[in-house]
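A.B. asks: Before we start, here is the structure in question, set down as structure tokens.
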Amino acid sequence: MVAGFPNLFIVTGPGSPSVLSNMAVSIEQHVEWISDCIAWMGQRQAGAIEATEAAQEAWVAHVNEAAEATVYPQANSWYLGANVPGKPRVFMPYIGGFPAYVAKCDDVAARGYEGFAVTAAGQA
């Protein structure tokens, strides 16, 4: 999810293991997490959920830290956007491993979707 875009769930997007994992398994995990989140919201009559800026920044920092432990950021690769002139070089997939990613997602959910702002139905 992205701060500023409530209820926008992104499957295998930036910050996920996506292209560095078995895509079918990653997609299944993403969709199950999203459906569990929507069910959780329904139980609480929530109308919107959105990543907080602080949580988003912390996750991006963690993704970058994991990438820096590899040679990926040193390469001229499409992984970094090197194939697009003028594009900032950013390694966007999470390279910390699928099990670590799943554990983090599960922990966020277990903590009541920690790092997300939840709005009641009917509130702006």
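Labels used: A, B, ... for chains in the order of the structure tokens, numbers from 1 for residues in each chain, and numbers from 1 for ligands as shown.
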Need the shell around Pro14 (chain A): protein/DNA/RNA residues with any atom at most 8 Å away, counting only C-alpha atoms. Skip same-chain ones fewer than 4 positions apart. Format as a list in words?
C.D. replies: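 Counting only the stated atoms, we get Ser18, Met92, Pro93 and Tyr94 of chain A.
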A.B. asks: Quick one: pick out all alpha helix (DSSP H) residues within chain A from a backbone DSSP run and write them as an MDAnalysis selection string.
C.D. replies: chainID A and resid 23:43 53:68 98:110
A.B. asks: Please provide as a ChimeraX atom specification all residues within 12 Å of Trp40 (chain A), with the sequence filter that same-chain residues fewer than 2 positions apart are discarded (counting only C-alpha atoms).
C.D. replies: /A:33-38,42-49,109-113,118
A.B. asks: Give me a file of those residues, with N, CA, C and O atoms, as a PDB file, in the first residue's frame.
C.D. replies:
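To be explicit, this is the file written out as selection.pdb:
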```pdb
ATOM      1  N   TRP A  33      -3.414 -11.984   2.161  1.00  0.00           N
ATOM      2  CA  TRP A  33      -3.233 -10.912   3.142  1.00  0.00           C
ATOM      3  C   TRP A  33      -4.257  -9.806   2.906  1.00  0.00           C
ATOM      4  O   TRP A  33      -4.871  -9.300   3.850  1.00  0.00           O
ATOM      5  N   ILE A  34      -4.475  -9.448   1.660  1.00  0.00           N
ATOM      6  CA  ILE A  34      -5.450  -8.409   1.319  1.00  0.00           C
ATOM      7  C   ILE A  34      -6.856  -8.843   1.719  1.00  0.00           C
ATOM      8  O   ILE A  34      -7.601  -8.071   2.331  1.00  0.00           O
ATOM      9  N   SER A  35      -7.228 -10.070   1.398  1.00  0.00           N
ATOM     10  CA  SER A  35      -8.585 -10.528   1.738  1.00  0.00           C
ATOM     11  C   SER A  35      -8.771 -10.601   3.248  1.00  0.00           C
ATOM     12  O   SER A  35      -9.837 -10.240   3.762  1.00  0.00           O
ATOM     13  N   ASP A  36      -7.727 -11.015   3.978  1.00  0.00           N
ATOM     14  CA  ASP A  36      -7.809 -11.019   5.444  1.00  0.00           C
ATOM     15  C   ASP A  36      -7.946  -9.592   5.981  1.00  0.00           C
ATOM     16  O   ASP A  36      -8.700  -9.344   6.923  1.00  0.00           O
ATOM     17  N   CYS A  37      -7.237  -8.647   5.382  1.00  0.00           N
ATOM     18  CA  CYS A  37      -7.318  -7.245   5.799  1.00  0.00           C
ATOM     19  C   CYS A  37      -8.725  -6.695   5.557  1.00  0.00           C
ATOM     20  O   CYS A  37      -9.294  -6.032   6.427  1.00  0.00           O
ATOM     21  N   ILE A  38      -9.283  -6.968   4.399  1.00  0.00           N
ATOM     22  CA  ILE A  38     -10.631  -6.487   4.078  1.00  0.00           C
ATOM     23  C   ILE A  38     -11.657  -7.105   5.039  1.00  0.00           C
ATOM     24  O   ILE A  38     -12.560  -6.409   5.509  1.00  0.00           O
ATOM     25  N   GLY A  42     -14.029  -5.130   7.642  1.00  0.00           N
ATOM     26  CA  GLY A  42     -15.471  -5.342   7.683  1.00  0.00           C
ATOM     27  C   GLY A  42     -15.966  -5.634   9.090  1.00  0.00           C
ATOM     28  O   GLY A  42     -17.023  -5.140   9.494  1.00  0.00           O
ATOM     29  N   GLN A  43     -15.207  -6.415   9.843  1.00  0.00           N
ATOM     30  CA  GLN A  43     -15.577  -6.743  11.224  1.00  0.00           C
ATOM     31  C   GLN A  43     -15.592  -5.499  12.110  1.00  0.00           C
ATOM     32  O   GLN A  43     -16.290  -5.451  13.117  1.00  0.00           O
ATOM     33  N   ARG A  44     -14.820  -4.501  11.732  1.00  0.00           N
ATOM     34  CA  ARG A  44     -14.715  -3.274  12.521  1.00  0.00           C
ATOM     35  C   ARG A  44     -15.461  -2.099  11.895  1.00  0.00           C
ATOM     36  O   ARG A  44     -15.338  -0.972  12.337  1.00  0.00           O
ATOM     37  N   GLN A  45     -16.207  -2.387  10.842  1.00  0.00           N
ATOM     38  CA  GLN A  45     -16.947  -1.362  10.099  1.00  0.00           C
ATOM     39  C   GLN A  45     -16.025  -0.224   9.663  1.00  0.00           C
ATOM     40  O   GLN A  45     -16.393   0.953   9.700  1.00  0.00           O
ATOM     41  N   ALA A  46     -14.833  -0.587   9.234  1.00  0.00           N
ATOM     42  CA  ALA A  46     -13.873   0.393   8.732  1.00  0.00           C
ATOM     43  C   ALA A  46     -14.157   0.661   7.265  1.00  0.00           C
ATOM     44  O   ALA A  46     -14.546  -0.245   6.521  1.00  0.00           O
ATOM     45  N   GLY A  47     -13.963   1.892   6.853  1.00  0.00           N
ATOM     46  CA  GLY A  47     -14.215   2.256   5.462  1.00  0.00           C
ATOM     47  C   GLY A  47     -12.960   2.395   4.635  1.00  0.00           C
ATOM     48  O   GLY A  47     -13.000   2.288   3.417  1.00  0.00           O
ATOM     49  N   ALA A  48     -11.830   2.650   5.318  1.00  0.00           N
ATOM     50  CA  ALA A  48     -10.592   2.864   4.575  1.00  0.00           C
ATOM     51  C   ALA A  48      -9.391   2.466   5.416  1.00  0.00           C
ATOM     52  O   ALA A  48      -9.419   2.536   6.645  1.00  0.00           O
ATOM     53  N   ILE A  49      -8.357   2.056   4.720  1.00  0.00           N
ATOM     54  CA  ILE A  49      -7.068   1.746   5.344  1.00  0.00           C
ATOM     55  C   ILE A  49      -5.997   2.291   4.413  1.00  0.00           C
ATOM     56  O   ILE A  49      -6.128   2.235   3.193  1.00  0.00           O
ATOM     57  N   ALA A 109      -0.345  -7.609  10.564  1.00  0.00           N
ATOM     58  CA  ALA A 109      -1.758  -7.976  10.729  1.00  0.00           C
ATOM     59  C   ALA A 109      -2.064  -8.337  12.187  1.00  0.00           C
ATOM     60  O   ALA A 109      -3.079  -7.905  12.737  1.00  0.00           O
ATOM     61  N   ALA A 110      -1.177  -9.115  12.810  1.00  0.00           N
ATOM     62  CA  ALA A 110      -1.389  -9.541  14.199  1.00  0.00           C
ATOM     63  C   ALA A 110      -1.428  -8.355  15.155  1.00  0.00           C
ATOM     64  O   ALA A 110      -2.065  -8.416  16.211  1.00  0.00           O
ATOM     65  N   ARG A 111      -0.775  -7.271  14.784  1.00  0.00           N
ATOM     66  CA  ARG A 111      -0.751  -6.071  15.622  1.00  0.00           C
ATOM     67  C   ARG A 111      -1.844  -5.082  15.225  1.00  0.00           C
ATOM     68  O   ARG A 111      -1.739  -3.886  15.476  1.00  0.00           O
ATOM     69  N   GLY A 112      -2.896  -5.586  14.592  1.00  0.00           N
ATOM     70  CA  GLY A 112      -4.023  -4.724  14.224  1.00  0.00           C
ATOM     71  C   GLY A 112      -3.688  -3.789  13.080  1.00  0.00           C
ATOM     72  O   GLY A 112      -4.129  -2.646  13.063  1.00  0.00           O
ATOM     73  N   TYR A 113      -2.890  -4.284  12.143  1.00  0.00           N
ATOM     74  CA  TYR A 113      -2.478  -3.518  10.960  1.00  0.00           C
ATOM     75  C   TYR A 113      -1.681  -2.282  11.366  1.00  0.00           C
ATOM     76  O   TYR A 113      -1.926  -1.170  10.922  1.00  0.00           O
ATOM     77  N   VAL A 118      -6.533   3.605   9.877  1.00  0.00           N
ATOM     78  CA  VAL A 118      -7.837   2.989   9.563  1.00  0.00           C
ATOM     79  C   VAL A 118      -8.916   4.008   9.882  1.00  0.00           C
ATOM     80  O   VAL A 118      -8.926   4.618  10.951  1.00  0.00           O
TER      81      VAL A 118
END
```
A.B. asks: Please measure the separation of CA of Val60 (chain A) and CA of Val31 (chain A), giving the value in Å to one decimal.
C.D. replies: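 These atoms are spaced 21.1 Å apart.
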A.B. asks: Here is a test: counting only C-alpha atoms, which residue of A:Val19, A:Ala117, A:Ala3, A:Ala100 is nearest to Ala66 (chain A)?
C.D. replies: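 Checking each candidate against Ala66 (chain A), we get A:Ala100 as the closest.
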A.B. asks: Pick out the residues sitting within 10 Å of Gln29 (chain A), and hand them over as a PyMOL selection string; count only C-alpha atoms, and ignore anything fewer than 6 positions along from it in its own chain.
C.D. replies: chain A and resi 11-12+23+35+98+101-102+105
